[in-house]
Amino acid sequence: MKRTVLMFVISALVLATLGLWALKGHLAGNILEIVQAGIVLLVVGFAVFLGLSRLRSHRLGEPGEDELSKTVMTKASSLAYYVSIYLWLFVMYISDKTTLEAHTLVGAGIAGMAVVFVLCWLGVKLFGMKNA
């Protein structure tokens, strides 16, 4: 239960930070800022979804993480790891071809890893796991 509450607290802090960034920052409203905000909202939405499913399981007297959800998470994380290696190779390739600063590329790579994990989790959850 502590981990579930922690997920909601961290999600609220991230949303508050995003709100402060939107209110106090000098936003240009370009496509890059919209993509950044979308990625943050996608990751926070994923965390809230997992928190709500754990909270629902706790209310029904079920364990928050059963064997299937742990297996799905393990499979999705291993798949996301392999895809992220290729993502970082792509970021290294792009770094020579673009004028973006290094910290921007690193931030994009980290955000890309989060999106890759969410997509891998969705793929494993929707299409199931192979028995291999």
# chains A, B, ... in the order shown; residues from 1 in each chain; ligands from 1

call {"tool": "closest_atom_pairs", "arguments": {"of": "region 39-88 of chain A", "to": "region 110-119 of chain A", "cutoff": "12 Å", "atoms": "only C-alpha atoms", "output": "tab-separated table"}}
result
residue	atom	partner	partner_atom	distance
A:Ile39	CA	A:Ala111	CA	7.0
A:Val40	CA	A:Ala111	CA	8.0
A:Leu41	CA	A:Val115	CA	10.7
A:Leu42	CA	A:Val115	CA	7.8
A:Val43	CA	A:Ala114	CA	6.9
A:Val44	CA	A:Ala114	CA	10.4
A:Gly45	CA	A:Val118	CA	10.2
A:Phe46	CA	A:Val118	CA	7.2
A:Ala47	CA	A:Val118	CA	9.7
A:Phe49	CA	A:Val118	CA	11.4
A:Leu50	CA	A:Val118	CA	11.2
A:Val72	CA	A:Phe117	CA	11.7
A:Met73	CA	A:Phe117	CA	9.5
A:Thr74	CA	A:Phe117	CA	10.9
A:Lys75	CA	A:Phe117	CA	10.4
A:Ala76	CA	A:Phe117	CA	6.8
A:Ser77	CA	A:Phe117	CA	6.5
A:Ser78	CA	A:Phe117	CA	9.2
A:Leu79	CA	A:Phe117	CA	8.1
A:Ala80	CA	A:Phe117	CA	5.1
A:Tyr81	CA	A:Phe117	CA	8.1
A:Tyr82	CA	A:Val116	CA	10.0
A:Val83	CA	A:Val116	CA	7.3
A:Ser84	CA	A:Met113	CA	5.8
A:Ile85	CA	A:Met113	CA	9.2
A:Tyr86	CA	A:Met113	CA	10.4
A:Leu87	CA	A:Gly112	CA	7.6
A:Trp88	CA	A:Met113	CA	8.9

call {"tool": "select_by_dssp", "arguments": {"residues": "region 14-112 of chain A", "states": "alpha helix (DSSP H)", "output": "compact mmCIF listing (two decimals) with N, CA and C atoms, in the first residue's frame"}}
result
# COMPACT_ATOMS: atom_id res chain seq x y z
N VAL A 14 4.96 15.68 -9.93
CA VAL A 14 5.36 15.90 -11.32
C VAL A 14 4.35 16.80 -12.02
N LEU A 15 3.06 16.58 -11.78
CA LEU A 15 2.04 17.44 -12.39
C LEU A 15 2.13 18.87 -11.86
N ALA A 16 2.43 19.03 -10.56
CA ALA A 16 2.59 20.38 -10.00
C ALA A 16 3.80 21.08 -10.63
N THR A 17 4.87 20.34 -10.82
CA THR A 17 6.05 20.91 -11.46
C THR A 17 5.76 21.29 -12.90
N LEU A 18 5.02 20.45 -13.60
CA LEU A 18 4.64 20.76 -14.98
C LEU A 18 3.76 22.00 -15.02
N GLY A 19 2.86 22.14 -14.05
CA GLY A 19 2.02 23.33 -13.98
C GLY A 19 2.83 24.59 -13.70
N LEU A 20 3.80 24.49 -12.79
CA LEU A 20 4.67 25.64 -12.52
C LEU A 20 5.49 26.02 -13.74
N TRP A 21 5.97 25.02 -14.45
CA TRP A 21 6.73 25.27 -15.67
C TRP A 21 5.87 25.99 -16.70
N ALA A 22 4.61 25.58 -16.80
CA ALA A 22 3.71 26.20 -17.77
C ALA A 22 3.33 27.61 -17.36
N LEU A 23 3.15 27.85 -16.05
CA LEU A 23 2.73 29.17 -15.60
C LEU A 23 3.87 30.17 -15.51
N LYS A 24 5.01 29.76 -15.00
CA LYS A 24 6.12 30.68 -14.74
C LYS A 24 7.16 30.73 -15.85
N ILE A 31 6.32 23.23 -31.12
CA ILE A 31 6.00 21.79 -31.14
C ILE A 31 6.85 21.02 -30.13
N LEU A 32 8.08 21.46 -29.89
CA LEU A 32 8.95 20.76 -28.95
C LEU A 32 8.39 20.81 -27.53
N GLU A 33 7.87 21.96 -27.12
CA GLU A 33 7.29 22.07 -25.78
C GLU A 33 6.01 21.25 -25.66
N ILE A 34 5.23 21.20 -26.71
CA ILE A 34 4.01 20.40 -26.69
C ILE A 34 4.34 18.92 -26.59
N VAL A 35 5.35 18.47 -27.30
CA VAL A 35 5.77 17.06 -27.24
C VAL A 35 6.31 16.73 -25.85
N GLN A 36 7.10 17.64 -25.27
CA GLN A 36 7.63 17.41 -23.92
C GLN A 36 6.50 17.27 -22.91
N ALA A 37 5.53 18.17 -22.96
CA ALA A 37 4.39 18.10 -22.04
C ALA A 37 3.58 16.82 -22.28
N GLY A 38 3.43 16.43 -23.53
CA GLY A 38 2.69 15.20 -23.84
C GLY A 38 3.37 13.96 -23.29
N ILE A 39 4.69 13.93 -23.39
CA ILE A 39 5.43 12.77 -22.86
C ILE A 39 5.31 12.70 -21.35
N VAL A 40 5.41 13.86 -20.69
CA VAL A 40 5.25 13.87 -19.23
C VAL A 40 3.85 13.42 -18.84
N LEU A 41 2.85 13.88 -19.54
CA LEU A 41 1.47 13.48 -19.23
C LEU A 41 1.24 11.99 -19.51
N LEU A 42 1.88 11.45 -20.54
CA LEU A 42 1.77 10.02 -20.83
C LEU A 42 2.37 9.18 -19.70
N VAL A 43 3.54 9.56 -19.25
CA VAL A 43 4.20 8.79 -18.18
C VAL A 43 3.44 8.93 -16.87
N VAL A 44 2.97 10.12 -16.55
CA VAL A 44 2.19 10.32 -15.32
C VAL A 44 0.86 9.56 -15.41
N GLY A 45 0.23 9.58 -16.58
CA GLY A 45 -1.00 8.82 -16.76
C GLY A 45 -0.79 7.32 -16.56
N PHE A 46 0.35 6.83 -17.04
CA PHE A 46 0.67 5.41 -16.84
C PHE A 46 0.85 5.09 -15.35
N ALA A 47 1.53 5.98 -14.63
CA ALA A 47 1.73 5.77 -13.19
C ALA A 47 0.40 5.82 -12.45
N VAL A 48 -0.47 6.75 -12.82
CA VAL A 48 -1.78 6.83 -12.17
C VAL A 48 -2.61 5.59 -12.48
N PHE A 49 -2.55 5.11 -13.71
CA PHE A 49 -3.27 3.89 -14.07
C PHE A 49 -2.80 2.69 -13.23
N LEU A 50 -1.48 2.54 -13.11
CA LEU A 50 -0.96 1.44 -12.29
C LEU A 50 -1.35 1.61 -10.83
N GLY A 51 -1.32 2.84 -10.34
CA GLY A 51 -1.71 3.09 -8.95
C GLY A 51 -3.17 2.79 -8.71
N LEU A 52 -4.03 3.18 -9.65
CA LEU A 52 -5.46 2.89 -9.50
C LEU A 52 -5.75 1.39 -9.55
N SER A 53 -5.04 0.67 -10.41
CA SER A 53 -5.26 -0.78 -10.48
C SER A 53 -4.79 -1.46 -9.20
N ARG A 54 -3.68 -0.99 -8.63
CA ARG A 54 -3.23 -1.55 -7.35
C ARG A 54 -4.19 -1.19 -6.22
N LEU A 55 -4.71 0.03 -6.25
CA LEU A 55 -5.67 0.45 -5.22
C LEU A 55 -6.95 -0.36 -5.31
N ARG A 56 -7.42 -0.62 -6.53
CA ARG A 56 -8.62 -1.44 -6.72
C ARG A 56 -8.39 -2.86 -6.21
N SER A 57 -7.21 -3.40 -6.50
CA SER A 57 -6.90 -4.75 -6.02
C SER A 57 -6.83 -4.78 -4.49
N HIS A 58 -6.29 -3.74 -3.90
CA HIS A 58 -6.19 -3.69 -2.44
C HIS A 58 -7.57 -3.61 -1.80
N ARG A 59 -8.47 -2.83 -2.42
CA ARG A 59 -9.83 -2.73 -1.88
C ARG A 59 -10.58 -4.05 -1.96
N GLU A 67 1.34 -12.73 -9.56
CA GLU A 67 2.40 -13.32 -10.38
C GLU A 67 2.32 -12.87 -11.83
N LEU A 68 1.11 -12.73 -12.36
CA LEU A 68 0.96 -12.32 -13.75
C LEU A 68 1.44 -10.89 -13.96
N SER A 69 1.07 -9.98 -13.07
CA SER A 69 1.48 -8.59 -13.25
C SER A 69 2.99 -8.44 -13.08
N LYS A 70 3.59 -9.23 -12.19
CA LYS A 70 5.05 -9.20 -12.07
C LYS A 70 5.73 -9.74 -13.32
N THR A 71 5.15 -10.79 -13.89
CA THR A 71 5.72 -11.37 -15.11
C THR A 71 5.58 -10.41 -16.29
N VAL A 72 4.43 -9.75 -16.39
CA VAL A 72 4.23 -8.77 -17.46
C VAL A 72 5.23 -7.62 -17.31
N MET A 73 5.42 -7.15 -16.09
CA MET A 73 6.35 -6.05 -15.85
C MET A 73 7.78 -6.47 -16.16
N THR A 74 8.16 -7.69 -15.81
CA THR A 74 9.51 -8.17 -16.09
C THR A 74 9.73 -8.32 -17.59
N LYS A 75 8.75 -8.89 -18.28
CA LYS A 75 8.86 -9.07 -19.73
C LYS A 75 8.92 -7.72 -20.44
N ALA A 76 8.08 -6.79 -20.01
CA ALA A 76 8.07 -5.46 -20.64
C ALA A 76 9.36 -4.71 -20.37
N SER A 77 9.91 -4.85 -19.17
CA SER A 77 11.15 -4.15 -18.87
C SER A 77 12.33 -4.72 -19.64
N SER A 78 12.36 -6.03 -19.82
CA SER A 78 13.46 -6.61 -20.60
C SER A 78 13.36 -6.24 -22.07
N LEU A 79 12.15 -6.22 -22.59
CA LEU A 79 11.95 -5.81 -23.98
C LEU A 79 12.30 -4.32 -24.17
N ALA A 80 11.88 -3.50 -23.21
CA ALA A 80 12.19 -2.07 -23.28
C ALA A 80 13.69 -1.81 -23.17
N TYR A 81 14.40 -2.64 -22.43
CA TYR A 81 15.85 -2.50 -22.32
C TYR A 81 16.51 -2.70 -23.68
N TYR A 82 16.10 -3.74 -24.38
CA TYR A 82 16.70 -4.02 -25.70
C TYR A 82 16.35 -2.93 -26.71
N VAL A 83 15.13 -2.44 -26.68
CA VAL A 83 14.74 -1.38 -27.60
C VAL A 83 15.46 -0.08 -27.24
N SER A 84 15.67 0.17 -25.95
CA SER A 84 16.34 1.40 -25.50
C SER A 84 17.80 1.43 -25.93
N ILE A 85 18.42 0.28 -26.03
CA ILE A 85 19.81 0.26 -26.52
C ILE A 85 19.86 0.81 -27.94
N TYR A 86 18.91 0.41 -28.79
CA TYR A 86 18.87 0.93 -30.15
C TYR A 86 18.45 2.40 -30.17
N LEU A 87 17.62 2.80 -29.23
CA LEU A 87 17.25 4.21 -29.12
C LEU A 87 18.48 5.07 -28.82
N TRP A 88 19.33 4.60 -27.90
CA TRP A 88 20.53 5.37 -27.56
C TRP A 88 21.53 5.37 -28.70
N LEU A 89 21.58 4.29 -29.47
CA LEU A 89 22.43 4.30 -30.67
C LEU A 89 21.92 5.33 -31.67
N PHE A 90 20.61 5.44 -31.80
CA PHE A 90 20.03 6.45 -32.68
C PHE A 90 20.33 7.86 -32.17
N VAL A 91 20.24 8.06 -30.85
CA VAL A 91 20.56 9.37 -30.28
C VAL A 91 22.02 9.71 -30.52
N MET A 92 22.91 8.73 -30.40
CA MET A 92 24.33 8.98 -30.68
C MET A 92 24.55 9.34 -32.14
N TYR A 93 23.83 8.69 -33.03
CA TYR A 93 23.94 8.99 -34.45
C TYR A 93 23.43 10.40 -34.75
N ILE A 94 22.30 10.75 -34.16
CA ILE A 94 21.70 12.07 -34.38
C ILE A 94 22.57 13.17 -33.78
N SER A 95 23.29 12.88 -32.70
CA SER A 95 24.07 13.93 -32.04
C SER A 95 25.13 14.54 -32.95
N ASP A 96 25.63 13.78 -33.90
CA ASP A 96 26.60 14.33 -34.85
C ASP A 96 25.93 15.15 -35.96
N LYS A 97 24.67 14.87 -36.23
CA LYS A 97 23.99 15.49 -37.35
C LYS A 97 23.18 16.74 -36.99
N ALA A 102 23.92 18.88 -25.78
CA ALA A 102 24.03 17.53 -25.24
C ALA A 102 22.96 17.25 -24.19
N HIS A 103 22.66 18.22 -23.32
CA HIS A 103 21.66 17.97 -22.27
C HIS A 103 20.26 17.81 -22.87
N THR A 104 20.00 18.42 -23.98
CA THR A 104 18.71 18.24 -24.65
C THR A 104 18.60 16.84 -25.22
N LEU A 105 19.68 16.35 -25.80
CA LEU A 105 19.66 14.99 -26.35
C LEU A 105 19.55 13.94 -25.25
N VAL A 106 20.22 14.17 -24.14
CA VAL A 106 20.13 13.23 -23.02
C VAL A 106 18.71 13.23 -22.45
N GLY A 107 18.11 14.40 -22.30
CA GLY A 107 16.73 14.47 -21.83
C GLY A 107 15.76 13.80 -22.78
N ALA A 108 16.00 13.98 -24.08
CA ALA A 108 15.14 13.31 -25.06
C ALA A 108 15.32 11.80 -25.00
N GLY A 109 16.55 11.34 -24.77
CA GLY A 109 16.79 9.90 -24.66
C GLY A 109 16.11 9.30 -23.44
N ILE A 110 16.16 10.00 -22.32
CA ILE A 110 15.51 9.50 -21.10
C ILE A 110 13.99 9.49 -21.27
N ALA A 111 13.44 10.55 -21.86
CA ALA A 111 12.00 10.58 -22.12
C ALA A 111 11.62 9.48 -23.11
N GLY A 112 12.48 9.25 -24.10
CA GLY A 112 12.24 8.18 -25.05
C GLY A 112 12.23 6.81 -24.39

call {"tool": "atom_distance", "arguments": {"atom1": "CA of Met7 (chain A)", "atom2": "CA of Lys125 (chain A)"}}
result
20.1 Å

call {"tool": "atom_distance", "arguments": {"atom1": "CA of Gly61 (chain A)", "atom2": "CA of Met1 (chain A)"}}
result
11.7 Å

call {"tool": "atom_distance", "arguments": {"atom1": "CA of Phe127 (chain A)", "atom2": "CA of Glu62 (chain A)"}}
result
24.1 Å
